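*Asks:* Contents of final-v1.txt (compact mmCIF, C-alpha atoms and all ligand atoms) are below:
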```
# COMPACT_ATOMS: atom_id res chain seq x y z
CA MET T 1 60.76 121.71 105.55
CA ASN T 2 63.21 124.03 103.92
CA ASP T 3 64.01 122.68 100.43
CA GLY T 4 67.20 121.02 101.58
CA GLU T 5 68.92 124.17 102.77
CA LEU T 6 69.94 123.24 106.30
CA THR T 7 70.39 125.93 108.94
CA THR T 8 73.60 125.93 110.99
CA GLN T 9 71.62 124.48 113.92
CA GLU T 10 70.39 121.62 111.72
CA LEU T 11 73.81 121.10 110.11
CA THR T 12 75.40 120.61 113.52
CA GLY T 13 72.68 118.41 115.02
CA GLN T 14 71.45 121.07 117.42
CA ALA T 15 67.98 121.16 115.83
CA ARG T 16 65.82 118.45 114.31
CA THR T 17 63.44 120.65 112.33
CA HIS T 18 64.67 118.96 109.12
CA ILE T 19 63.96 115.44 110.43
CA ALA T 20 60.95 113.19 109.85
CA ASP T 21 60.27 110.15 112.03
CA VAL T 22 59.59 106.94 110.12
CA ALA T 23 57.61 104.16 111.84
CA GLU T 24 58.57 101.21 109.63
CA PRO T 25 61.40 100.70 109.58
CA ASP T 26 61.90 102.67 112.80
CA CYS T 27 64.28 105.52 111.93
CA ALA T 28 64.61 109.30 111.66
CA LEU T 29 65.64 110.85 108.34
CA HIS T 30 65.82 114.21 106.59
CA ALA T 31 62.27 114.74 105.31
CA ASP T 32 63.49 114.65 101.71
CA VAL T 33 65.43 111.42 102.23
CA VAL T 34 62.44 109.36 103.40
CA ALA T 35 61.09 108.63 99.90
CA PRO T 36 64.48 107.81 98.31
CA PHE T 37 65.31 105.54 101.25
CA LEU T 38 61.97 103.72 101.08
CA ASN T 39 62.50 103.21 97.34
CA LEU T 40 65.93 101.72 98.04
CA ARG T 41 64.41 99.51 100.74
CA ARG T 42 61.60 98.33 98.43
CA ALA T 43 64.10 97.31 95.76
CA ALA T 44 66.18 95.45 98.34
CA LEU T 45 63.11 93.65 99.71
CA ALA T 46 62.29 92.46 96.20
CA ASP T 47 65.69 90.77 96.22
CA GLY T 48 65.13 89.21 99.67
CA ILE T 49 67.08 91.79 101.68
CA ASP T 50 65.34 93.40 104.68
CA LEU T 51 67.31 96.63 104.50
CA VAL T 52 67.00 98.77 107.66
CA PRO T 53 69.10 101.50 109.27
CA LEU T 54 70.84 100.45 112.46
CA SER T 55 71.55 104.15 112.92
CA SER T 56 70.00 107.14 111.17
CA PHE T 57 69.66 110.73 112.49
CA ARG T 58 71.77 111.35 115.58
CA ASP T 59 71.81 114.68 117.42
CA PHE T 60 74.68 116.77 118.83
CA SER T 61 74.21 115.69 122.45
CA ARG T 62 74.24 111.99 121.51
CA GLN T 63 77.47 112.51 119.53
CA LEU T 64 78.89 114.45 122.48
CA THR T 65 78.17 111.48 124.77
CA ILE T 66 79.97 109.15 122.36
CA TRP T 67 82.96 111.52 122.08
CA ASN T 68 83.34 112.11 125.82
CA GLY T 69 82.92 108.40 126.55
CA LYS T 70 85.77 107.53 124.22
CA PHE T 71 87.99 110.43 125.29
CA SER T 72 87.66 109.46 128.95
CA GLY T 73 88.15 105.75 128.25
CA GLU T 74 84.68 104.79 129.52
CA ARG T 75 83.80 103.52 126.06
CA PRO T 76 86.10 101.02 124.34
CA MET T 77 88.03 102.23 121.33
CA VAL T 78 89.59 100.28 118.48
CA ASP T 79 92.14 101.24 115.85
CA ALA T 80 91.54 101.20 112.07
CA GLU T 81 92.26 97.45 112.02
CA GLY T 82 89.84 96.73 114.87
CA GLY T 83 92.53 96.20 117.54
CA ALA T 84 91.85 97.46 121.07
CA ILE T 85 93.36 100.82 122.08
CA GLU T 86 94.56 101.65 125.60
CA VAL T 87 93.34 105.23 126.02
CA ASP T 88 95.50 105.99 129.07
CA ALA T 89 98.65 105.45 127.00
CA LEU T 90 97.68 108.17 124.51
CA SER T 91 98.32 111.91 124.62
CA GLU T 92 95.30 114.20 124.23
CA SER T 93 96.14 114.82 120.60
CA GLU T 94 96.52 111.08 119.94
CA ARG T 95 93.17 110.44 121.59
CA ILE T 96 91.53 112.94 119.24
CA ASP T 97 92.91 111.12 116.18
CA ALA T 98 92.00 107.71 117.59
CA ILE T 99 88.39 108.77 118.14
CA LEU T 100 88.11 110.40 114.72
CA THR T 101 89.13 107.17 112.98
CA TRP T 102 85.61 105.88 113.73
CA SER T 103 83.56 108.66 115.33
CA ALA T 104 82.88 112.23 114.31
CA LEU T 105 83.26 115.36 116.36
CA PRO T 106 79.93 116.50 117.82
CA GLY T 107 78.59 118.97 115.26
CA ALA T 108 80.47 117.24 112.43
CA SER T 109 78.67 113.91 112.19
CA ARG T 110 77.03 113.29 108.84
CA HIS T 111 74.29 111.59 110.88
CA HIS T 112 73.24 115.08 112.06
CA TRP T 113 71.98 115.81 108.55
CA GLY T 114 69.47 112.96 108.39
CA THR T 115 71.00 112.01 105.05
CA ASP T 116 73.30 109.27 106.35
CA ILE T 117 72.43 105.78 107.54
CA ASP T 118 74.24 102.68 108.80
CA LEU T 119 72.57 99.80 106.98
CA ILE T 120 72.02 96.16 107.88
CA ASP T 121 69.94 93.26 106.52
CA ARG T 122 67.47 92.20 109.21
CA ASN T 123 67.01 88.86 107.41
CA ALA T 124 70.72 88.06 107.74
CA VAL T 125 71.11 88.56 111.50
CA PRO T 126 71.61 85.18 113.22
CA PRO T 127 69.33 84.65 116.27
CA GLY T 128 70.83 86.25 119.39
CA TYR T 129 73.62 87.84 117.38
CA ARG T 130 74.84 91.28 118.51
CA ILE T 131 75.61 93.48 115.50
CA GLN T 132 78.90 95.36 115.82
CA LEU T 133 79.42 96.95 112.40
CA THR T 134 82.83 95.52 111.57
CA GLN T 135 84.69 94.88 108.31
CA GLU T 136 84.31 91.12 108.91
CA GLU T 137 80.52 91.34 109.07
CA PHE T 138 80.47 93.05 105.66
CA ALA T 139 83.18 90.91 104.04
CA ALA T 140 82.05 88.36 101.43
CA ALA T 141 81.84 85.55 104.03
CA GLY T 142 80.18 87.69 106.72
CA PRO T 143 76.44 87.88 107.48
CA PHE T 144 76.15 91.19 105.60
CA GLY T 145 78.38 90.24 102.64
CA PRO T 146 75.39 89.81 100.30
CA LEU T 147 73.98 93.14 101.52
CA ALA T 148 77.27 94.90 100.76
CA ALA T 149 77.35 93.39 97.27
CA TRP T 150 73.72 94.35 96.62
CA LEU T 151 74.32 97.96 97.74
CA GLU T 152 77.46 98.16 95.61
CA SER T 153 75.32 97.36 92.55
CA HIS T 154 72.13 99.26 93.35
CA ALA T 155 72.58 102.10 95.88
CA ALA T 156 73.80 104.70 93.36
CA ARG T 157 70.63 104.34 91.27
CA PHE T 158 68.68 105.66 94.28
CA GLY T 159 71.09 108.52 95.01
CA PHE T 160 73.05 106.82 97.81
CA PHE T 161 76.85 106.49 98.01
CA ARG T 162 79.58 105.51 100.49
CA PRO T 163 81.47 108.57 101.81
CA PHE T 164 83.92 106.42 103.81
CA ARG T 165 85.57 103.98 101.43
CA GLY T 166 89.08 104.33 102.82
CA ALA T 167 90.47 106.19 99.81
CA THR T 168 90.31 109.92 100.58
CA SER T 169 88.70 110.32 103.98
CA GLY T 170 90.58 110.12 107.28
CA VAL T 171 87.71 107.98 108.54
CA ALA T 172 88.26 104.22 108.37
CA PRO T 173 86.34 102.34 105.63
CA GLU T 174 82.70 101.88 106.71
CA PRO T 175 80.93 99.53 104.26
CA TRP T 176 77.67 99.99 106.20
CA HIS T 177 77.55 103.81 106.02
CA PHE T 178 75.53 105.25 103.11
CA SER T 179 74.64 108.81 102.32
CA PHE T 180 72.01 110.48 100.15
CA ALA T 181 74.24 112.49 97.84
CA PRO T 182 71.92 115.26 96.56
CA ILE T 183 71.38 116.71 100.06
CA ALA T 184 74.49 115.49 101.87
CA GLU T 185 76.88 117.08 99.39
CA PHE T 186 75.14 120.40 99.91
CA ALA T 187 75.38 120.02 103.69
CA ARG T 188 79.06 119.06 103.52
CA ARG T 189 79.93 122.28 101.71
CA ARG T 190 77.95 124.39 104.18
CA LEU T 191 79.57 122.83 107.26
CA THR T 192 82.63 125.09 107.30
CA PRO T 193 85.27 125.19 110.07
CA ALA T 194 83.62 128.40 111.33
CA VAL T 195 80.20 126.74 111.68
CA LEU T 196 81.76 123.79 113.49
CA ARG T 197 83.82 126.04 115.78
CA GLU T 198 80.73 127.93 116.86
CA ALA T 199 78.93 124.68 117.72
CA LEU T 200 81.87 123.39 119.78
CA GLU T 201 82.96 126.51 121.63
CA SER T 202 80.19 126.37 124.23
CA ALA T 203 79.94 122.56 124.44
CA PRO T 204 81.25 120.48 127.39
CA LEU T 205 83.60 118.60 125.05
CA LEU T 206 86.54 116.68 126.56
CA GLY T 207 89.80 117.73 124.88
CA LYS T 208 88.13 120.88 123.56
CA GLU T 209 91.23 123.08 123.69
CA GLY T 210 93.21 120.65 121.54
CA VAL T 211 90.31 120.17 119.15
CA LEU T 212 89.83 123.91 118.61
CA GLU T 213 93.58 124.44 118.14
CA ARG T 214 93.60 121.83 115.35
CA LEU T 215 90.12 122.52 114.00
CA ASP T 216 91.05 123.52 110.44
CA GLU T 217 93.21 120.40 110.03
CA LEU T 218 90.61 118.10 111.60
CA HIS T 219 87.88 119.60 109.42
CA ALA T 220 89.98 119.08 106.28
CA ARG T 221 90.77 115.43 107.08
CA TYR T 222 87.54 114.18 108.56
CA VAL T 223 84.74 116.44 107.24
CA ALA T 224 85.79 117.95 103.90
CA ALA T 225 87.78 114.97 102.60
CA ILE T 226 85.30 112.24 101.81
CA ASP T 227 85.18 109.70 99.03
CA LEU T 228 82.93 111.51 96.58
CA PRO T 229 79.91 109.94 94.87
ZN ZN C 301 77.44 105.91 110.13
```
For the file at hand, write its structure as structure tokens.
Ligand SMILES: [Zn+2]

*Replies:*
Amino acid sequence: MNDGELTTQELTGQARTHIADVAEPDCALHADVVAPFLNLRRAALADGIDLVPLSSFRDFSRQLTIWNGKFSGERPMVDAEGGAIEVDALSESERIDAILTWSALPGASRHHWGTDIDLIDRNAVPPGYRIQLTQEEFAAAGPFGPLAAWLESHAARFGFFRPFRGATSGVAPEPWHFSFAPIAEFARRRLTPAVLREALESAPLLGKEGVLERLDELHARYVAAIDLP
């Protein structure tokens, strides 16, 4: 524990000394986010919503696997509207932008901080249904429409907000992604281009040369520019 002041290793997902493992619901969060999250969850449960993170803390190597899988075309990629992208038809620089529409650079994921969670309602998942985290699922008629409406009304009271609303950030709107503002805002300001560069320089990142060449621009669009609380 370190009163919210994350080290550069923690900021970039290369350490998990700031993370606490939670048994129910099964997730991993910044130690100071556990209580606020459980309060949010309790309030949701009282309204019939079984609020759980589909994704919580994620480390650098996991994000690296996601990045390299998309860059190489092994993992499917979609555009901001959800349409399939043919990776082979894209230049390296275009691939970088296509990935960043939905996925962060390793070292720059807000999930590294333990403050950010992708939320679903376990009560609303139809039997055998595979959750994909799409706009349709969180639209009014989708299975998580009521969850989205509930969070819109209540999340802020518990300190949570949506950093990717499609207004300021280069990241596509993610109605499932919530962030604990008091700690995340501090982390965002500490994650400078220099900190990110240091994390990436020695990593086996596909497209690394192009990423490092454009790092200041990519940082400005996808890390610094979020939709503020
Ligand atoms: Zn997320």

*Asks:* Give me, as an mmCIF file with C-alpha atoms, keeping the file's coordinate frame, the set of residues whose atoms come within 12 Å of any atom of ligand ZN 301 (chain C), counting only C-alpha atoms and all ligand atoms.

*Replies:*
```cif
data_model
loop_
_atom_site.group_PDB
_atom_site.id
_atom_site.type_symbol
_atom_site.label_atom_id
_atom_site.label_comp_id
_atom_site.auth_asym_id
_atom_site.auth_seq_id
_atom_site.Cartn_x
_atom_site.Cartn_y
_atom_site.Cartn_z
ATOM 1 C CA PRO T 53 69.100 101.500 109.270
ATOM 2 C CA LEU T 54 70.840 100.450 112.460
ATOM 3 C CA SER T 55 71.550 104.150 112.920
ATOM 4 C CA SER T 56 70.000 107.140 111.170
ATOM 5 C CA PHE T 57 69.660 110.730 112.490
ATOM 6 C CA ARG T 58 71.770 111.350 115.580
ATOM 7 C CA GLN T 63 77.470 112.510 119.530
ATOM 8 C CA TRP T 102 85.610 105.880 113.730
ATOM 9 C CA SER T 103 83.560 108.660 115.330
ATOM 10 C CA ALA T 104 82.880 112.230 114.310
ATOM 11 C CA ALA T 108 80.470 117.240 112.430
ATOM 12 C CA SER T 109 78.670 113.910 112.190
ATOM 13 C CA ARG T 110 77.030 113.290 108.840
ATOM 14 C CA HIS T 111 74.290 111.590 110.880
ATOM 15 C CA HIS T 112 73.240 115.080 112.060
ATOM 16 C CA TRP T 113 71.980 115.810 108.550
ATOM 17 C CA GLY T 114 69.470 112.960 108.390
ATOM 18 C CA THR T 115 71.000 112.010 105.050
ATOM 19 C CA ASP T 116 73.300 109.270 106.350
ATOM 20 C CA ILE T 117 72.430 105.780 107.540
ATOM 21 C CA ASP T 118 74.240 102.680 108.800
ATOM 22 C CA LEU T 119 72.570 99.800 106.980
ATOM 23 C CA ILE T 120 72.020 96.160 107.880
ATOM 24 C CA LEU T 133 79.420 96.950 112.400
ATOM 25 C CA THR T 134 82.830 95.520 111.570
ATOM 26 C CA ARG T 162 79.580 105.510 100.490
ATOM 27 C CA PRO T 163 81.470 108.570 101.810
ATOM 28 C CA PHE T 164 83.920 106.420 103.810
ATOM 29 C CA VAL T 171 87.710 107.980 108.540
ATOM 30 C CA ALA T 172 88.260 104.220 108.370
ATOM 31 C CA PRO T 173 86.340 102.340 105.630
ATOM 32 C CA GLU T 174 82.700 101.880 106.710
ATOM 33 C CA PRO T 175 80.930 99.530 104.260
ATOM 34 C CA TRP T 176 77.670 99.990 106.200
ATOM 35 C CA HIS T 177 77.550 103.810 106.020
ATOM 36 C CA PHE T 178 75.530 105.250 103.110
ATOM 37 C CA SER T 179 74.640 108.810 102.320
#
```

*Asks:* With distances taken over only C-alpha atoms, which of T:Ile96, T:Ala187, T:Ala89, T:Ala23 is nearest to Glu217 of chain T?

*Replies:* T:Ile96

*Asks:* Considering only C-alpha atoms, state which residue in the set T:Ile99, T:Gly73, T:Phe186, T:Gly107 is at the smallest distance from Leu200 of chain T.

*Replies:* T:Gly107

*Asks:* Taking (64.7, 113.7, 97.8) in the coordinates of the supplied file, I want to know which residues reach to within 10 Å of it, counting only C-alpha atoms; could you give the answer as JSON, numbers by chain?

*Replies:* {"T": [3, 4, 30, 31, 32, 33, 34, 35, 36, 37, 115, 158, 159, 180, 181, 182, 183]}

*Asks:* Here is a test: counting only C-alpha atoms, which residue of T:Leu105, T:Ala224, T:Ala199, T:Leu38 is nearest to Asp50 of chain T?

*Replies:* T:Leu38

*Asks:* Distance atom CA of Gly145 of chain T-atom CA of Val52 of chain T, one decimal place?

*Replies:*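 Computed distance, atom CA of Gly145 of chain T to atom CA of Val52 of chain T, equals 15.1 Å.
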
*Asks:* Taking into account all atoms listed in the file, which residue in the set T:Leu40, T:Leu29, T:Ala84, T:Ala220 is nearest to Leu191 of chain T?

*Replies:*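 Among T:Leu40, T:Leu29, T:Ala84, T:Ala220, it is T:Ala220 that comes nearest to Leu191 of chain T.
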
*Asks:* Do you have the atom CA of Ala194 of chain T-atom CA of Leu212 of chain T distance handy?

*Replies:*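 Atom CA of Leu212 of chain T lies at a distance of 10.6 Å from atom CA of Ala194 of chain T.
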
*Asks:* Using only C-alpha atoms, which of T:Arg188, T:Phe60, T:Val87, T:Lys70 sits nearest Gln9 of chain T?

*Replies:*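 Nearest candidate to Gln9 of chain T out of T:Arg188, T:Phe60, T:Val87, T:Lys70: T:Phe60.
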
*Asks:* Tell me which of T:Ala149, T:Ile85, T:Ala80, T:Ile19 sits closest to Asp47 of chain T, counting only C-alpha atoms.

*Replies:*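 Closest to Asp47 of chain T, using only C-alpha atoms: T:Ala149.
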
*Asks:* Go ahead and compute the interatomic distance for atom CA of His154 of chain T and atom CA of Ala124 of chain T, in Å to one decimal.

*Replies:*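 Distance between the two atoms: 18.3 Å.
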
*Asks:* So for segment 103-119 of chain T, what box centre and size do we get, axis-aligned, 3 Å extra on each of the six sides, every listed atom, Å to one decimal, as lines of an AutoDock Vina configuration file?

*Replies:*
```
center_x = 76.5
center_y = 109.4
center_z = 111.4
size_x = 20.1
size_y = 25.2
size_z = 18.8
```

*Asks:* Supply segment 56-67 of chain T as a short mmCIF file (atom, residue, chain, number, x, y, z; two decimals), in the coordinates of the input, with all heavy atoms built in where the input has gaps.

*Replies:*
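So rebuild07.cif came out as:
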```cif
data_model
loop_
_atom_site.label_atom_id
_atom_site.label_comp_id
_atom_site.auth_asym_id
_atom_site.auth_seq_id
_atom_site.Cartn_x
_atom_site.Cartn_y
_atom_site.Cartn_z
N SER T 56 70.39 106.14 112.17
CA SER T 56 70.00 107.14 111.17
C SER T 56 70.34 108.53 111.72
O SER T 56 71.52 108.79 111.99
CB SER T 56 68.53 106.98 110.79
OG SER T 56 67.70 106.93 111.95
N PHE T 57 69.36 109.41 111.92
CA PHE T 57 69.66 110.73 112.49
C PHE T 57 70.19 110.56 113.92
O PHE T 57 69.70 109.74 114.69
CB PHE T 57 68.39 111.60 112.52
CG PHE T 57 68.54 112.86 113.33
CD1 PHE T 57 69.31 113.92 112.87
CD2 PHE T 57 67.92 112.98 114.56
CE1 PHE T 57 69.45 115.08 113.62
CE2 PHE T 57 68.06 114.15 115.32
CZ PHE T 57 68.82 115.19 114.85
N ARG T 58 71.19 111.34 114.23
CA ARG T 58 71.77 111.35 115.58
C ARG T 58 72.01 112.82 115.93
O ARG T 58 72.56 113.55 115.10
CB ARG T 58 73.09 110.58 115.54
CG ARG T 58 73.65 110.20 116.89
CD ARG T 58 75.00 109.53 116.71
NE ARG T 58 74.97 108.30 115.95
CZ ARG T 58 75.94 107.91 115.11
NH1 ARG T 58 77.02 108.64 114.92
NH2 ARG T 58 75.83 106.76 114.45
N ASP T 59 71.66 113.26 117.13
CA ASP T 59 71.81 114.68 117.42
C ASP T 59 73.16 115.00 118.09
O ASP T 59 73.96 114.10 118.40
CB ASP T 59 70.62 115.23 118.22
CG ASP T 59 70.58 114.69 119.65
OD1 ASP T 59 71.55 114.06 120.11
OD2 ASP T 59 69.54 114.91 120.32
N PHE T 60 73.40 116.28 118.29
CA PHE T 60 74.68 116.77 118.83
C PHE T 60 74.96 116.16 120.21
O PHE T 60 76.08 115.71 120.48
CB PHE T 60 74.62 118.30 118.92
CG PHE T 60 75.90 118.94 119.39
CD1 PHE T 60 76.84 119.41 118.48
CD2 PHE T 60 76.17 119.09 120.74
CE1 PHE T 60 78.03 120.00 118.91
CE2 PHE T 60 77.36 119.67 121.19
CZ PHE T 60 78.28 120.13 120.27
N SER T 61 73.95 116.14 121.08
CA SER T 61 74.21 115.69 122.45
C SER T 61 74.54 114.20 122.48
O SER T 61 75.37 113.75 123.28
CB SER T 61 73.04 116.02 123.37
OG SER T 61 71.92 115.25 123.04
N ARG T 62 73.92 113.42 121.59
CA ARG T 62 74.24 111.99 121.51
C ARG T 62 75.70 111.81 121.04
O ARG T 62 76.44 110.99 121.57
CB ARG T 62 73.27 111.32 120.54
CG ARG T 62 73.59 109.90 120.20
CD ARG T 62 72.91 108.90 121.13
NE ARG T 62 73.40 107.55 120.85
CZ ARG T 62 74.16 106.85 121.68
NH1 ARG T 62 74.49 107.32 122.85
NH2 ARG T 62 74.58 105.64 121.33
N GLN T 63 76.10 112.60 120.04
CA GLN T 63 77.47 112.51 119.53
C GLN T 63 78.47 112.97 120.59
O GLN T 63 79.56 112.43 120.71
CB GLN T 63 77.61 113.36 118.25
CG GLN T 63 78.83 113.03 117.42
CD GLN T 63 78.79 111.64 116.80
OE1 GLN T 63 77.72 111.10 116.54
NE2 GLN T 63 79.95 111.04 116.59
N LEU T 64 78.06 113.95 121.38
CA LEU T 64 78.89 114.45 122.48
C LEU T 64 79.11 113.35 123.53
O LEU T 64 80.22 113.17 124.04
CB LEU T 64 78.23 115.67 123.12
CG LEU T 64 78.99 116.36 124.25
CD1 LEU T 64 80.27 117.02 123.73
CD2 LEU T 64 78.10 117.43 124.92
N THR T 65 78.05 112.59 123.82
CA THR T 65 78.17 111.48 124.77
C THR T 65 79.14 110.43 124.25
O THR T 65 79.98 109.91 125.01
CB THR T 65 76.78 110.83 125.00
OG1 THR T 65 75.89 111.84 125.49
CG2 THR T 65 76.85 109.69 125.97
N ILE T 66 79.05 110.13 122.96
CA ILE T 66 79.97 109.15 122.36
C ILE T 66 81.41 109.65 122.45
O ILE T 66 82.31 108.94 122.87
CB ILE T 66 79.58 108.89 120.88
CG1 ILE T 66 78.21 108.21 120.79
CG2 ILE T 66 80.65 108.06 120.17
CD1 ILE T 66 77.64 108.10 119.38
N TRP T 67 81.61 110.92 122.07
CA TRP T 67 82.96 111.52 122.08
C TRP T 67 83.56 111.48 123.49
O TRP T 67 84.68 111.01 123.70
CB TRP T 67 82.89 112.95 121.56
CG TRP T 67 84.24 113.64 121.62
CD1 TRP T 67 84.79 114.26 122.71
CD2 TRP T 67 85.20 113.72 120.57
NE1 TRP T 67 86.04 114.74 122.41
CE2 TRP T 67 86.32 114.42 121.10
CE3 TRP T 67 85.23 113.28 119.25
CZ2 TRP T 67 87.45 114.69 120.33
CZ3 TRP T 67 86.36 113.55 118.49
CH2 TRP T 67 87.45 114.24 119.03
#
```
